[in-house]
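One file, model25.cif, carrying mmCIF, C-alpha atoms and all ligand atoms:
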data_query
loop_
_atom_site.label_atom_id
_atom_site.label_comp_id
_atom_site.auth_asym_id
_atom_site.auth_seq_id
_atom_site.Cartn_x
_atom_site.Cartn_y
_atom_site.Cartn_z
CA MET A 1 15.84 5.64 -12.05
CA GLY A 2 13.68 7.97 -14.18
CA TYR A 3 11.53 7.01 -17.16
CA SER A 4 12.64 5.22 -20.33
CA ASP A 5 13.48 8.41 -22.30
CA HIS A 6 10.03 8.86 -23.86
CA PHE A 7 10.53 12.63 -24.00
CA PHE A 8 13.92 12.48 -25.72
CA LYS A 9 12.64 9.84 -28.14
CA ALA A 10 9.66 12.06 -29.06
CA LEU A 11 12.05 14.90 -29.85
CA ASN A 12 14.45 12.65 -31.75
CA ILE A 13 17.18 13.32 -29.22
CA SER A 14 19.62 10.45 -29.02
CA VAL A 15 20.43 9.43 -25.45
CA GLU A 16 23.79 8.01 -26.49
CA ASP A 17 24.89 11.05 -28.46
CA ARG A 18 25.40 13.96 -26.05
CA LYS A 19 25.81 16.35 -28.99
CA SER A 20 22.23 15.76 -30.11
CA LEU A 21 20.94 16.98 -26.73
CA SER A 22 23.10 20.11 -26.67
CA GLU A 23 22.12 20.92 -30.24
CA PHE A 24 18.42 20.68 -29.38
CA SER A 25 19.07 22.84 -26.35
CA LYS A 26 20.75 25.52 -28.50
CA ARG A 27 18.02 25.47 -31.14
CA SER A 28 15.16 25.62 -28.62
CA GLY A 29 16.86 27.94 -26.11
CA ILE A 30 16.02 25.55 -23.27
CA PRO A 31 18.94 24.60 -21.01
CA VAL A 32 20.18 20.99 -21.14
CA LYS A 33 19.47 20.61 -17.42
CA LYS A 34 15.82 21.47 -17.92
CA LEU A 35 15.45 19.13 -20.90
CA LYS A 36 16.92 16.36 -18.75
CA TYR A 37 14.40 17.17 -16.01
CA TYR A 38 11.49 16.78 -18.45
CA ASN A 39 12.95 13.50 -19.67
CA GLU A 40 13.70 12.01 -16.23
CA GLY A 41 10.20 12.64 -14.88
CA ASN A 42 8.40 12.21 -18.24
CA VAL A 43 6.94 15.65 -17.57
CA VAL A 44 5.07 17.39 -20.40
CA PRO A 45 6.44 20.96 -20.56
CA THR A 46 3.98 23.83 -20.22
CA GLY A 47 3.95 27.54 -21.11
CA LYS A 48 6.80 29.04 -23.12
CA ASP A 49 8.94 25.89 -22.86
CA LEU A 50 6.18 23.90 -24.55
CA GLU A 51 5.87 26.43 -27.37
CA LYS A 52 9.65 26.40 -27.97
CA ILE A 53 9.85 22.61 -27.89
CA LEU A 54 6.94 22.08 -30.26
CA SER A 55 8.26 24.54 -32.81
CA THR A 56 11.84 23.25 -32.59
CA ALA A 57 10.76 19.64 -32.97
CA ASN A 58 7.99 20.49 -35.40
CA LEU A 59 5.49 18.51 -33.34
CA SER A 60 1.93 19.09 -32.17
CA GLU A 61 1.14 18.89 -28.45
CA VAL A 62 -1.14 15.92 -29.10
CA LEU A 63 1.64 13.99 -30.82
CA LEU A 64 4.11 14.85 -28.06
CA ARG A 65 1.64 13.67 -25.44
CA LEU A 66 0.88 10.47 -27.36
CA LYS A 67 4.59 9.70 -27.68
CA MET A 68 5.13 10.38 -23.96
CA GLY A 69 2.09 8.34 -22.95
CA ARG A 70 0.70 11.36 -21.09
CA LEU A 71 -2.87 11.45 -22.35
CA ASP A 72 -5.15 14.25 -21.24
CA LYS A 73 -8.95 14.16 -21.23
CA ASP A 74 -9.28 15.47 -24.80
CA ILE A 75 -6.98 12.83 -26.26
CA LEU A 76 -8.71 10.13 -24.26
CA ALA A 77 -12.12 11.31 -25.42
CA ALA A 78 -10.95 11.27 -29.06
CA ILE A 79 -9.58 7.72 -28.62
CA GLN A 80 -12.81 6.58 -26.97
CA GLU A 81 -14.92 8.04 -29.76
CA ASN A 82 -12.75 6.41 -32.42
CA ALA A 83 -12.01 3.17 -30.59
CA GLU A 84 -12.68 0.89 -33.58
CA SER A 85 -10.43 2.79 -35.96
CA VAL A 86 -7.69 3.17 -33.32
CA LEU A 87 -7.73 -0.59 -32.82
CA ALA A 88 -7.65 -1.20 -36.57
CA GLU A 89 -4.71 1.21 -36.82
CA ILE A 90 -2.73 -0.69 -34.20
CA ASP A 91 -3.70 -4.03 -35.68
CA GLY A 92 -1.56 -6.81 -34.35
CA PHE A 93 -1.40 -5.29 -30.89
CA ASN A 94 -2.32 -8.01 -28.44
CA PRO A 95 -2.36 -7.01 -24.80
CA VAL A 96 -3.08 -10.54 -23.63
CA VAL A 97 0.22 -11.83 -22.35
CA ASP A 98 0.54 -15.57 -22.68
CA SER A 99 0.17 -17.29 -19.34
CA PRO A 100 3.63 -17.95 -18.01
CA GLU A 101 4.55 -21.46 -17.01
CA VAL A 102 3.72 -21.80 -13.33
CA ASP A 103 7.18 -22.06 -11.88
CA CYS A 104 6.28 -21.75 -8.22
CA THR A 105 7.07 -24.57 -5.86
CA LEU A 106 5.18 -25.38 -2.71
CA GLU A 107 7.67 -24.80 0.11
CA PHE A 108 5.66 -25.08 3.24
CA GLU A 109 2.18 -25.90 4.49
CA THR A 110 0.38 -25.24 7.76
CA ARG A 111 -3.07 -26.11 9.02
CA LEU A 112 -4.45 -23.07 7.21
CA GLY A 113 -1.93 -21.93 4.64
CA LYS A 114 0.38 -22.68 1.75
CA LEU A 115 3.63 -20.87 0.98
CA TYR A 116 5.07 -20.94 -2.54
CA ARG A 117 8.49 -19.94 -3.76
CA GLY A 118 8.61 -18.15 -7.10
CA ASP A 119 7.27 -15.16 -8.99
CA CYS A 120 3.90 -14.01 -7.67
CA TYR A 121 2.70 -13.13 -11.18
CA SER A 122 3.11 -16.72 -12.22
CA LEU A 123 1.33 -17.93 -9.08
CA LEU A 124 -1.47 -15.41 -9.60
CA LYS A 125 -1.97 -16.64 -13.16
CA SER A 126 -2.62 -20.13 -11.80
CA MET A 127 -5.19 -18.93 -9.25
CA GLU A 128 -8.91 -19.16 -9.82
CA SER A 129 -10.90 -15.99 -10.59
CA ASP A 130 -13.09 -14.61 -7.77
CA SER A 131 -11.54 -16.88 -5.15
CA VAL A 132 -9.73 -14.66 -2.60
CA ASP A 133 -11.35 -12.62 0.19
CA LEU A 134 -8.49 -10.30 1.11
CA ILE A 135 -5.22 -9.33 -0.55
CA PHE A 136 -2.47 -7.35 1.12
CA SER A 137 0.53 -6.26 -0.96
CA ASP A 138 3.85 -4.84 0.20
CA PRO A 139 6.04 -4.98 -2.92
CA PRO A 140 9.63 -3.79 -3.22
CA PHE A 141 9.60 0.04 -3.50
CA ASN A 142 12.24 0.32 -6.26
CA LEU A 143 14.63 2.03 -3.85
CA ASP A 144 17.71 0.10 -4.97
CA LYS A 145 17.64 -2.17 -1.94
CA ILE A 146 19.33 -5.52 -1.87
CA TYR A 147 16.91 -8.39 -1.36
CA PRO A 148 17.87 -12.00 -0.61
CA SER A 149 16.10 -12.87 -3.90
CA ASP A 150 18.64 -10.68 -5.79
CA MET A 151 15.82 -9.02 -7.72
CA ASP A 152 16.54 -5.72 -9.44
CA ASP A 153 15.14 -2.99 -7.18
CA ASN A 154 16.23 -0.11 -9.36
CA ILE A 155 14.30 -0.21 -12.61
CA LYS A 156 12.91 2.58 -14.79
CA VAL A 157 9.79 4.26 -13.43
CA ASP A 158 7.58 3.18 -16.33
CA LYS A 159 8.82 -0.41 -15.96
CA TYR A 160 8.01 -0.41 -12.23
CA ILE A 161 4.54 1.00 -12.90
CA GLY A 162 4.01 -1.47 -15.76
CA TRP A 163 5.11 -4.40 -13.57
CA SER A 164 2.84 -3.21 -10.76
CA GLN A 165 -0.12 -2.92 -13.13
CA GLU A 166 0.39 -6.51 -14.23
CA TRP A 167 0.19 -8.05 -10.77
CA ILE A 168 -2.53 -5.63 -9.63
CA LYS A 169 -4.70 -6.62 -12.59
CA GLU A 170 -4.31 -10.27 -11.61
CA CYS A 171 -5.09 -9.44 -7.98
CA ALA A 172 -8.33 -7.78 -9.11
CA ARG A 173 -9.19 -10.89 -11.13
CA VAL A 174 -8.67 -13.36 -8.28
CA LEU A 175 -10.48 -11.20 -5.71
CA LYS A 176 -14.02 -12.28 -4.84
CA PRO A 177 -16.79 -9.73 -5.44
CA GLY A 178 -16.89 -7.82 -2.14
CA GLY A 179 -13.28 -8.78 -1.39
CA ALA A 180 -10.66 -6.21 -0.36
CA LEU A 181 -7.26 -5.18 -1.69
CA PHE A 182 -4.84 -3.26 0.54
CA MET A 183 -1.78 -1.81 -1.19
CA TRP A 184 1.12 -0.72 1.02
CA ASN A 185 3.65 1.56 -0.65
CA LEU A 186 5.35 4.94 -0.68
CA PRO A 187 2.88 7.77 -1.47
CA LYS A 188 4.82 8.41 -4.69
CA TRP A 189 4.02 4.94 -6.08
CA ASN A 190 0.47 4.72 -4.81
CA VAL A 191 -0.30 8.09 -6.43
CA ALA A 192 1.01 6.76 -9.74
CA LEU A 193 -0.98 3.51 -9.43
CA GLY A 194 -4.23 4.86 -7.99
CA SER A 195 -5.96 5.83 -11.23
CA PHE A 196 -5.16 2.41 -12.73
CA VAL A 197 -6.66 0.58 -9.73
CA ASP A 198 -9.66 2.95 -9.87
CA GLY A 199 -10.46 1.43 -13.25
CA LEU A 200 -10.68 -2.06 -11.72
CA LEU A 201 -11.92 -1.74 -8.17
CA THR A 202 -13.78 0.65 -5.87
CA PHE A 203 -11.73 3.08 -3.83
CA ARG A 204 -12.50 3.10 -0.10
CA ASN A 205 -9.65 4.89 1.68
CA TRP A 206 -6.15 6.28 1.47
CA ILE A 207 -4.83 5.43 4.91
CA GLY A 208 -1.83 7.39 6.11
CA VAL A 209 0.25 5.22 8.43
CA ASP A 210 2.59 7.44 10.40
CA ILE A 211 5.94 5.68 10.48
CA LYS A 212 9.02 7.77 9.82
CA TYR A 213 10.55 5.98 6.88
CA SER A 214 13.75 7.78 6.09
CA LEU A 215 16.04 10.53 7.19
CA PRO A 216 14.90 14.10 6.66
CA ILE A 217 15.65 15.26 3.10
CA ARG A 218 16.92 18.78 2.44
CA ASN A 219 14.36 21.11 0.84
CA ARG A 220 11.57 18.56 1.31
CA LEU A 221 9.02 17.84 3.98
CA TYR A 222 10.08 15.01 6.26
CA PRO A 223 8.56 11.77 4.84
CA SER A 224 6.55 10.54 7.75
CA HIS A 225 3.81 8.32 6.41
CA TYR A 226 3.34 5.24 4.28
CA SER A 227 0.32 5.02 2.06
CA LEU A 228 -2.09 2.15 2.50
CA MET A 229 -4.71 2.19 -0.26
CA TYR A 230 -7.89 0.27 0.46
CA TYR A 231 -10.06 -0.93 -2.42
CA ILE A 232 -12.91 -3.40 -2.74
CA LYS A 233 -14.23 -5.35 -5.71
CA GLY A 234 -17.71 -4.09 -6.57
CA GLU A 235 -19.91 -1.83 -4.54
CA LYS A 236 -20.13 -3.37 -1.09
CA PRO A 237 -17.49 -4.98 1.11
CA ASN A 238 -18.24 -8.52 2.27
CA SER A 239 -16.58 -7.78 5.61
CA PHE A 240 -16.08 -4.50 7.36
CA HIS A 241 -15.49 -4.50 11.10
CA PRO A 242 -12.78 -2.05 11.99
CA ASP A 243 -11.37 -2.18 15.50
CA ARG A 244 -12.19 0.70 17.80
CA LEU A 245 -9.22 2.27 19.54
CA ALA A 246 -8.53 3.11 23.14
CA MET A 247 -8.48 6.76 24.14
CA ASP A 248 -4.97 8.23 24.31
CA VAL A 249 -3.91 8.81 27.89
CA CYS A 250 -0.67 10.00 29.46
CA PRO A 251 1.56 6.92 29.88
CA LYS A 252 2.72 8.18 33.29
CA CYS A 253 -0.30 9.69 35.03
CA TYR A 254 -3.07 8.10 32.89
CA GLY A 255 -4.73 11.53 32.54
CA ASP A 256 -6.57 12.71 29.40
CA LEU A 257 -4.31 13.97 26.62
CA LYS A 258 -7.18 15.76 24.87
CA ASP A 259 -9.88 17.90 26.35
CA TYR A 260 -13.17 16.08 25.77
CA GLY A 261 -15.03 18.82 27.63
CA GLY A 262 -18.71 18.05 27.99
CA TYR A 263 -18.52 15.08 25.60
CA LYS A 264 -16.99 12.54 27.98
CA ASP A 265 -20.35 10.94 28.64
CA LYS A 266 -20.92 10.58 24.91
CA MET A 267 -17.77 8.59 24.33
CA ASN A 268 -18.45 5.03 23.24
CA PRO A 269 -17.18 2.62 25.94
CA LEU A 270 -16.05 0.34 23.11
CA GLY A 271 -13.50 2.89 21.94
CA ILE A 272 -12.86 5.56 19.36
CA ASN A 273 -13.72 5.15 15.68
CA LEU A 274 -10.80 4.06 13.56
CA SER A 275 -9.82 6.91 11.23
CA ASP A 276 -7.81 6.99 8.01
CA VAL A 277 -4.68 8.19 9.82
CA TRP A 278 -2.96 5.56 11.93
CA TYR A 279 -0.46 6.78 14.48
CA ASP A 280 -0.09 3.65 16.54
CA ILE A 281 1.68 1.21 14.21
CA PRO A 282 5.21 0.64 15.48
CA PRO A 283 8.18 0.24 13.16
CA VAL A 284 9.70 -3.21 13.61
CA ARG A 285 13.03 -2.37 15.16
CA HIS A 286 13.20 -4.31 18.39
CA ALA A 287 15.39 -7.40 17.98
CA LYS A 288 12.81 -9.50 19.82
CA TYR A 289 10.17 -8.77 17.17
CA LYS A 290 12.30 -8.44 14.09
CA ARG A 291 12.64 -11.66 12.16
CA ARG A 292 15.30 -10.67 9.68
CA LYS A 293 17.90 -8.08 8.91
CA GLY A 294 16.98 -5.20 6.61
CA SER A 295 14.00 -2.94 7.11
CA ASN A 296 11.21 -4.69 5.24
CA GLU A 297 9.36 -6.47 7.99
CA LEU A 298 6.01 -4.93 8.86
CA SER A 299 4.42 -4.94 12.26
CA LEU A 300 2.09 -7.80 13.13
CA LYS A 301 -0.19 -5.10 14.55
CA LEU A 302 -0.73 -3.61 11.08
CA LEU A 303 -1.74 -6.96 9.58
CA ASP A 304 -3.86 -7.82 12.62
CA ARG A 305 -5.83 -4.61 12.08
CA ILE A 306 -6.29 -5.10 8.34
CA ILE A 307 -7.27 -8.76 8.57
CA GLU A 308 -9.66 -8.04 11.43
CA MET A 309 -11.26 -5.18 9.49
CA ALA A 310 -11.75 -6.81 6.10
CA SER A 311 -12.13 -10.56 6.57
CA ASP A 312 -13.80 -13.21 8.70
CA GLU A 313 -12.59 -16.48 10.15
CA GLY A 314 -12.16 -19.12 7.45
CA ASP A 315 -11.72 -16.50 4.69
CA LEU A 316 -8.81 -16.74 2.25
CA VAL A 317 -6.01 -14.15 2.53
CA PHE A 318 -3.34 -13.71 -0.15
CA ASP A 319 -0.09 -11.73 0.00
CA PRO A 320 2.03 -11.88 -3.19
CA PHE A 321 5.21 -10.54 -1.54
CA GLY A 322 6.13 -12.74 1.40
CA GLY A 323 9.24 -11.12 2.90
CA SER A 324 9.36 -12.35 6.49
CA GLY A 325 5.77 -13.65 6.31
CA THR A 326 4.00 -11.15 8.58
CA THR A 327 0.70 -11.47 6.68
CA TYR A 328 0.81 -15.27 6.79
CA MET A 329 1.52 -15.30 10.52
CA ALA A 330 -1.31 -12.87 11.26
CA ALA A 331 -3.70 -14.87 9.05
CA GLU A 332 -2.79 -18.18 10.70
CA LEU A 333 -3.18 -16.78 14.22
CA LYS A 334 -6.51 -15.24 13.33
CA GLY A 335 -8.00 -18.40 11.83
CA ARG A 336 -7.91 -17.29 8.18
CA ARG A 337 -6.77 -19.54 5.36
CA TRP A 338 -3.84 -18.06 3.46
CA VAL A 339 -1.71 -18.34 0.33
CA GLY A 340 1.76 -16.83 0.21
CA CYS A 341 4.54 -16.34 -2.29
CA GLU A 342 8.17 -15.25 -2.06
CA LEU A 343 10.70 -14.95 -4.84
CA GLY A 344 13.70 -15.41 -2.57
CA PRO A 345 14.56 -17.89 0.17
CA THR A 346 11.67 -18.76 2.46
CA ASP A 347 13.62 -20.13 5.46
CA ILE A 348 12.90 -17.04 7.51
CA ILE A 349 9.15 -17.59 7.13
CA LYS A 350 9.43 -21.26 8.05
CA GLU A 351 11.54 -20.43 11.11
CA ARG A 352 9.02 -17.81 12.08
CA PHE A 353 6.26 -20.39 12.12
CA SER A 354 8.33 -22.57 14.44
CA LEU A 355 7.99 -19.75 17.00
CA ILE A 356 4.29 -19.24 16.48
CA GLU A 357 3.46 -19.21 20.19
CA GLU A 358 5.66 -16.14 20.71
CA GLU A 359 3.85 -14.41 17.89
CA ARG A 360 0.51 -15.40 19.41
CA ASP A 361 1.48 -13.62 22.64
CA ILE A 362 2.43 -10.47 20.71
CA LEU A 363 -0.85 -10.52 18.80
CA ASN A 364 -2.91 -11.18 21.93
CA GLY A 365 -1.16 -8.20 23.52
CA TYR A 366 -2.46 -5.97 20.71
CA ARG A 367 -5.94 -7.43 20.78
CA GLY A 368 -6.21 -6.89 24.53
CA ARG A 369 -5.92 -3.16 23.93
CA VAL A 370 -8.58 -2.60 21.27
CA ASN A 371 -12.36 -2.24 21.35
CA ALA A 372 -12.42 -0.61 24.78
CA LEU A 373 -12.19 3.11 25.50
CA PHE A 374 -10.06 2.22 28.51
CA PRO A 375 -8.39 -1.19 28.38
CA GLU A 376 -8.28 -3.04 31.69
CA LYS A 377 -4.98 -1.61 33.04
CA THR A 378 -5.81 1.97 32.04
CA ARG A 379 -9.25 1.71 33.57
CA SER A 380 -7.98 0.49 36.95
CA GLU A 381 -5.16 3.10 37.03
CA ARG A 382 -7.66 5.86 36.26
CA GLU A 383 -10.03 4.59 38.94
CA LYS A 384 -7.19 4.59 41.49
CA ARG A 385 -6.46 8.21 40.60
CA GLY A 386 -10.10 9.32 40.70
CA LEU A 387 -10.15 10.06 36.95
CA TRP A 388 -13.33 9.53 34.96
CA THR A 389 -14.05 6.19 33.31
CA CYS A 390 -17.05 4.95 31.36
CA GLU A 391 -18.56 3.72 34.63
CA THR A 392 -18.59 7.33 35.90
CA PHE A 393 -21.60 7.97 33.74
CA SER A 394 -24.88 6.32 34.45
CA LYS A 395 -25.97 3.21 32.62
CA ASN A 396 -29.07 5.09 31.43
CA GLU A 397 -27.05 7.70 29.58
CA GLN A 398 -25.07 5.02 27.86
CA SER A 399 -28.02 2.96 26.76
CA GLU A 400 -29.63 6.15 25.46
CA LEU A 401 -26.52 6.65 23.43
CA PHE A 402 -26.72 3.19 21.89
CA ASP A 403 -30.41 3.65 21.18
CA LYS A 404 -29.40 6.59 19.04
CA ASN A 405 -27.25 4.21 17.05
CA LEU A 406 -24.06 6.03 17.81
CA LYS A 407 -22.24 2.77 18.34
C1 LIG B 501 8.91 -5.34 1.11
S1 LIG B 501 9.19 -7.05 1.18
C2 LIG B 501 7.74 -7.68 1.99
C3 LIG B 501 7.85 -7.66 3.49
C4 LIG B 501 6.68 -8.30 4.20
N1 LIG B 501 5.47 -7.53 4.07
C5 LIG B 501 6.99 -8.52 5.67
O1 LIG B 501 6.32 -7.92 6.54
O2 LIG B 501 7.91 -9.25 5.97
C6 LIG B 501 8.96 -7.52 -0.47
C7 LIG B 501 9.31 -8.96 -0.74
O3 LIG B 501 8.82 -9.30 -2.05
C8 LIG B 501 9.72 -10.23 -2.63
N2 LIG B 501 9.47 -10.19 -4.08
C9 LIG B 501 9.92 -9.29 -4.98
N3 LIG B 501 9.46 -9.56 -6.22
C10 LIG B 501 8.66 -10.64 -6.10
C11 LIG B 501 7.87 -11.38 -7.01
N4 LIG B 501 7.81 -11.05 -8.29
N5 LIG B 501 7.19 -12.43 -6.55
C12 LIG B 501 7.23 -12.77 -5.22
N6 LIG B 501 7.95 -12.10 -4.31
C13 LIG B 501 8.66 -11.04 -4.74
C14 LIG B 501 11.08 -9.72 -2.21
O4 LIG B 501 12.04 -10.77 -2.30
C15 LIG B 501 10.80 -9.25 -0.78
O5 LIG B 501 11.10 -10.26 0.16
#

Turn the structure described in the file into C-alpha cells.
Ligand SMILES: C[S@@+](CC[C@H](N)C(=O)[O-])C[C@H]1O[C@@H](n2cnc3c(N)ncnc32)[C@H](O)[C@@H]1O
Amino acid sequence: MGYSDHFFKALNISVEDRKSLSEFSKRSGIPVKKLKYYNEGNVVPTGKDLEKILSTANLSEVLLRLKMGRLDKDILAAIQENAESVLAEIDGFNPVVDSPEVDCTLEFETRLGKLYRGDCYSLLKSMESDSVDLIFSDPPFNLDKIYPSDMDDNIKVDKYIGWSQEWIKECARVLKPGGALFMWNLPKWNVALGSFVDGLLTFRNWIGVDIKYSLPIRNRLYPSHYSLMYYIKGEKPNSFHPDRLAMDVCPKCYGDLKDYGGYKDKMNPLGINLSDVWYDIPPVRHAKYKRRKGSNELSLKLLDRIIEMASDEGDLVFDPFGGSGTTYMAAELKGRRWVGCELGPTDIIKERFSLIEEERDILNGYRGRVNALFPEKTRSEREKRGLWTCETFSKNEQSELFDKNLK
C-alpha cells in the first residue's frame, strides 16, 4: 500500500532507480530504511532528519510540505490570505469533475426501496441535492480483500483517501439539512477522513463499536473496535431518538454485574442511556444469520440501532455500498424508504429479501430487549429470585424522577 511516493518525488529520488535512493541516503546520512519509512507513510521528517534532508535536497520546509501535500496551519493561512493569487497561479485547475454517465441499472424493487447495480459515485451524481434523511456507509477497507465485484482493494493510501473524499462529498450534497451520515470504517481510515468531513458536516460522535476485527498483532495493541463516525448536516439533527439499553445482568443468575449502590431507585425504568461505546453488537458469524461467505456482513442489530436513532418512518435511507444488503433489510423492516447500490452481483441481496420474515424475527428479537431496564424475561427471573426490579421502588419516587426531567 503506502502513498504515491510524494516524499521521494519532492527529493528527486527516482523510485525505479535504486541507486538514486542509496546515493541520497549517503549524502544525507539517513539510512535507506528510514527514507523508505518517510515515503511509505508520507511522513514529514522532524528534528535532525529534517535539517539533513532539507540541506541535502536544497529545499525549504514549506516547499517540502507543499510537495508532500502536508500543509500545516502557517501554510494554510498563507494560502487563505493569498487565495486569489494562488488560484491565478494554478490557472486551468478545475476541481469540478464532469458528471459521469449514470451507468447504474435498477436490479430490484420492493415496496419501499430500490437497489441499483453499479458504481455508487455515478448513482450519487444522479441523485437530487438535499433529498436523503440518513446515509450509512461501509466501504471496502483497502485490506486487499477479494470482493465478488473484483474491485481493487489494495490501492495507494492517497488514492483511497481521494476516492473516499469524492463519494463523501456527494453524500454531503444529497443529505437533507438535519440529515445524518454514519461512516463505518477502521479507525485508521476514519482518522484520515475526519478533518475532510468536518469541513462539510457537523461532527456528533466517534462511536467505538467493540468487535474484535483481526488477530492480535505483535508489538501493537489488539485491534478491538471499529469506528463509526456520526455527522449531521447543519446544526440540528432532524431525528434523534437513541434506544435505551437494558442493564447488564449475569446470564446465569440474573444478578447485578455492577454495584449501583444507593442509585438503584434512580435508574430509569426505560433503560440506560446509549453511550458512544457499543459493546453489544455481535459479529455476524453464525451460519443462520450470515448471508454470504467472507466477513463483510454487518449485524442487523447495528443498522437497527442507527436507523432507529437517526430517522423516522417514511424517511429515505441510502447506503452506497450494498454488500449483503443489511442496511436495506433493516430499512425495509423498519418502514423507511431506501436506495441501495452495489458494484458486484446483487443476487445475495435479492435472496435475502425472499427470506424477509426470518429477518423480521431477528429484528423483533433485538427490539424486544431495548428501552426497558429489565426486559420481560430478565424482570420475571429477577422477581423469582427476590432481586430488585423497577417495581421495587415506589411509584412516587419514579414520578419524582421524571418530573426532574431525568428521562
Ligand atoms: C464492506 S462491504 C459492505 C457490507 C454491507 N455493509 C453488509 O452488511 O453486507 C462493501 C461493498 O461495497 C461494494 N463496493 C465497492 N466499491 C463500490 C462502489 N464504487 N460502488 C458500489 N459498491 C461498491 C463491494 O463490492 C462490497 O460488496

Pick out the residues no farther than 7 Å from ligand LIG 501 (chain B), counting all atoms listed in the file, and list them as a PDB file with C-alpha atoms, keeping the file's coordinate frame.
ATOM      1  CA  GLY A 118       8.610 -18.150  -7.100  1.00  0.00           C
ATOM      2  CA  ASP A 119       7.270 -15.160  -8.990  1.00  0.00           C
ATOM      3  CA  CYS A 120       3.900 -14.010  -7.670  1.00  0.00           C
ATOM      4  CA  TYR A 121       2.700 -13.130 -11.180  1.00  0.00           C
ATOM      5  CA  ASP A 138       3.850  -4.840   0.200  1.00  0.00           C
ATOM      6  CA  PRO A 139       6.040  -4.980  -2.920  1.00  0.00           C
ATOM      7  CA  PRO A 140       9.630  -3.790  -3.220  1.00  0.00           C
ATOM      8  CA  TYR A 147      16.910  -8.390  -1.360  1.00  0.00           C
ATOM      9  CA  PRO A 148      17.870 -12.000  -0.610  1.00  0.00           C
ATOM     10  CA  SER A 149      16.100 -12.870  -3.900  1.00  0.00           C
ATOM     11  CA  MET A 151      15.820  -9.020  -7.720  1.00  0.00           C
ATOM     12  CA  ASN A 296      11.210  -4.690   5.240  1.00  0.00           C
ATOM     13  CA  GLU A 297       9.360  -6.470   7.990  1.00  0.00           C
ATOM     14  CA  LEU A 298       6.010  -4.930   8.860  1.00  0.00           C
ATOM     15  CA  SER A 299       4.420  -4.940  12.260  1.00  0.00           C
ATOM     16  CA  PRO A 320       2.030 -11.880  -3.190  1.00  0.00           C
ATOM     17  CA  PHE A 321       5.210 -10.540  -1.540  1.00  0.00           C
ATOM     18  CA  GLY A 322       6.130 -12.740   1.400  1.00  0.00           C
ATOM     19  CA  GLY A 323       9.240 -11.120   2.900  1.00  0.00           C
ATOM     20  CA  SER A 324       9.360 -12.350   6.490  1.00  0.00           C
ATOM     21  CA  GLY A 325       5.770 -13.650   6.310  1.00  0.00           C
ATOM     22  CA  THR A 326       4.000 -11.150   8.580  1.00  0.00           C
ATOM     23  CA  THR A 327       0.700 -11.470   6.680  1.00  0.00           C
ATOM     24  CA  CYS A 341       4.540 -16.340  -2.290  1.00  0.00           C
ATOM     25  CA  GLU A 342       8.170 -15.250  -2.060  1.00  0.00           C
ATOM     26  CA  LEU A 343      10.700 -14.950  -4.840  1.00  0.00           C
ATOM     27  CA  GLY A 344      13.700 -15.410  -2.570  1.00  0.00           C
TER      28      GLY A 344
END

Item to check | Nearest to Ser4 (chain A), chosen from A:Leu215, A:Val44, A:Leu35, A:Ile155, with only C-alpha atoms counted in the distances | outcome: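 Using only C-alpha atoms, the shortest distance to Ser4 (chain A) belongs to A:Ile155.
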
Mind listing as a PDB file with C-alpha atoms, in the frame of the given file all residues within 8 Å of (3.5, 2.4, 5.2), counting only C-alpha atoms?
ATOM      1  CA  TRP A 184       1.120  -0.720   1.020  1.00  0.00           C
ATOM      2  CA  ASN A 185       3.650   1.560  -0.650  1.00  0.00           C
ATOM      3  CA  LEU A 186       5.350   4.940  -0.680  1.00  0.00           C
ATOM      4  CA  GLY A 208      -1.830   7.390   6.110  1.00  0.00           C
ATOM      5  CA  VAL A 209       0.250   5.220   8.430  1.00  0.00           C
ATOM      6  CA  ASP A 210       2.590   7.440  10.400  1.00  0.00           C
ATOM      7  CA  ILE A 211       5.940   5.680  10.480  1.00  0.00           C
ATOM      8  CA  HIS A 225       3.810   8.320   6.410  1.00  0.00           C
ATOM      9  CA  TYR A 226       3.340   5.240   4.280  1.00  0.00           C
ATOM     10  CA  SER A 227       0.320   5.020   2.060  1.00  0.00           C
ATOM     11  CA  LEU A 228      -2.090   2.150   2.500  1.00  0.00           C
TER      12      LEU A 228
END

Checklist entry - So how far away is CA of Arg204 (chain A) from CA of Ser224 (chain A), in Å? => result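 About the pair CA of Ser224 (chain A) and CA of Arg204 (chain A): they are 21.9 Å apart.
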
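Minimum distance to Gly41 (chain A) across A:Ser275, A:Tyr231, A:Arg70, A:Ser131 (counting only C-alpha atoms) occurs at A:Arg70.
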
Checklist entry - What is the distance between CA of Phe7 (chain A) and CA of Ser55 (chain A), in Å to one decimal? => result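 Separation between CA of Phe7 (chain A) and CA of Ser55 (chain A): 15.0 Å.
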
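Close contacts of Glu358 (chain A), defined as residues with an atom at most 12 Å away when counting all atoms listed in the file, with chain neighbours fewer than 2 positions off set aside, comprise Lys288, Tyr289, Arg291, Leu300, Met329, Leu333, Arg352, Phe353, Ser354, Leu355, Ile356, Arg360, Asp361, Ile362, Leu363, Asn364 and Gly365 of chain A.
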
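Our summary of the geometry notes that CA of Glu81 (chain A) is positioned 27.8 Å from CA of Leu11 (chain A).
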
Item to check | Residue nearest Pro282 (chain A) - candidates A:Leu302, A:Ile161, A:Ala192, A:Val197, atoms counted: all atoms listed in the file | outcome: A:Leu302

Next on the checklist: For a cutoff of 12 Å around the file-coordinate point (9.2, 23.7, -27.4), which residues qualify once you count all atoms listed in the file? I'd like the result as a ChimeraX atom specification.
Outcome noted: /A:7,10-11,24-31,34-35,38,44-61,64

Item to check | Nearest residue to Thr346 (chain A) from the set A:Leu387, A:Ala77, A:Leu106, A:Val191 (distances using only C-alpha atoms) | outcome: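 Once distances to Thr346 (chain A) are computed over only C-alpha atoms, the minimum belongs to A:Leu106.
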
Checklist entry - A:Ile90, A:Asp152, A:Asp304, A:Gln80: which is nearest Val370 (chain A), counting all atoms listed in the file? => result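 That would be A:Asp304, the residue with the smallest distance to Val370 (chain A).
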
Please write out, as AutoDock Vina command-line options, where the centre of an axis-aligned box around all listed atoms of region 312-315 of chain A lies and how long its edges are, in Å to one decimal, after adding 4 Å on each side.
--center_x -12.8 --center_y -16.2 --center_z 7.4 --size_x 10.1 --size_y 13.9 --size_z 13.5
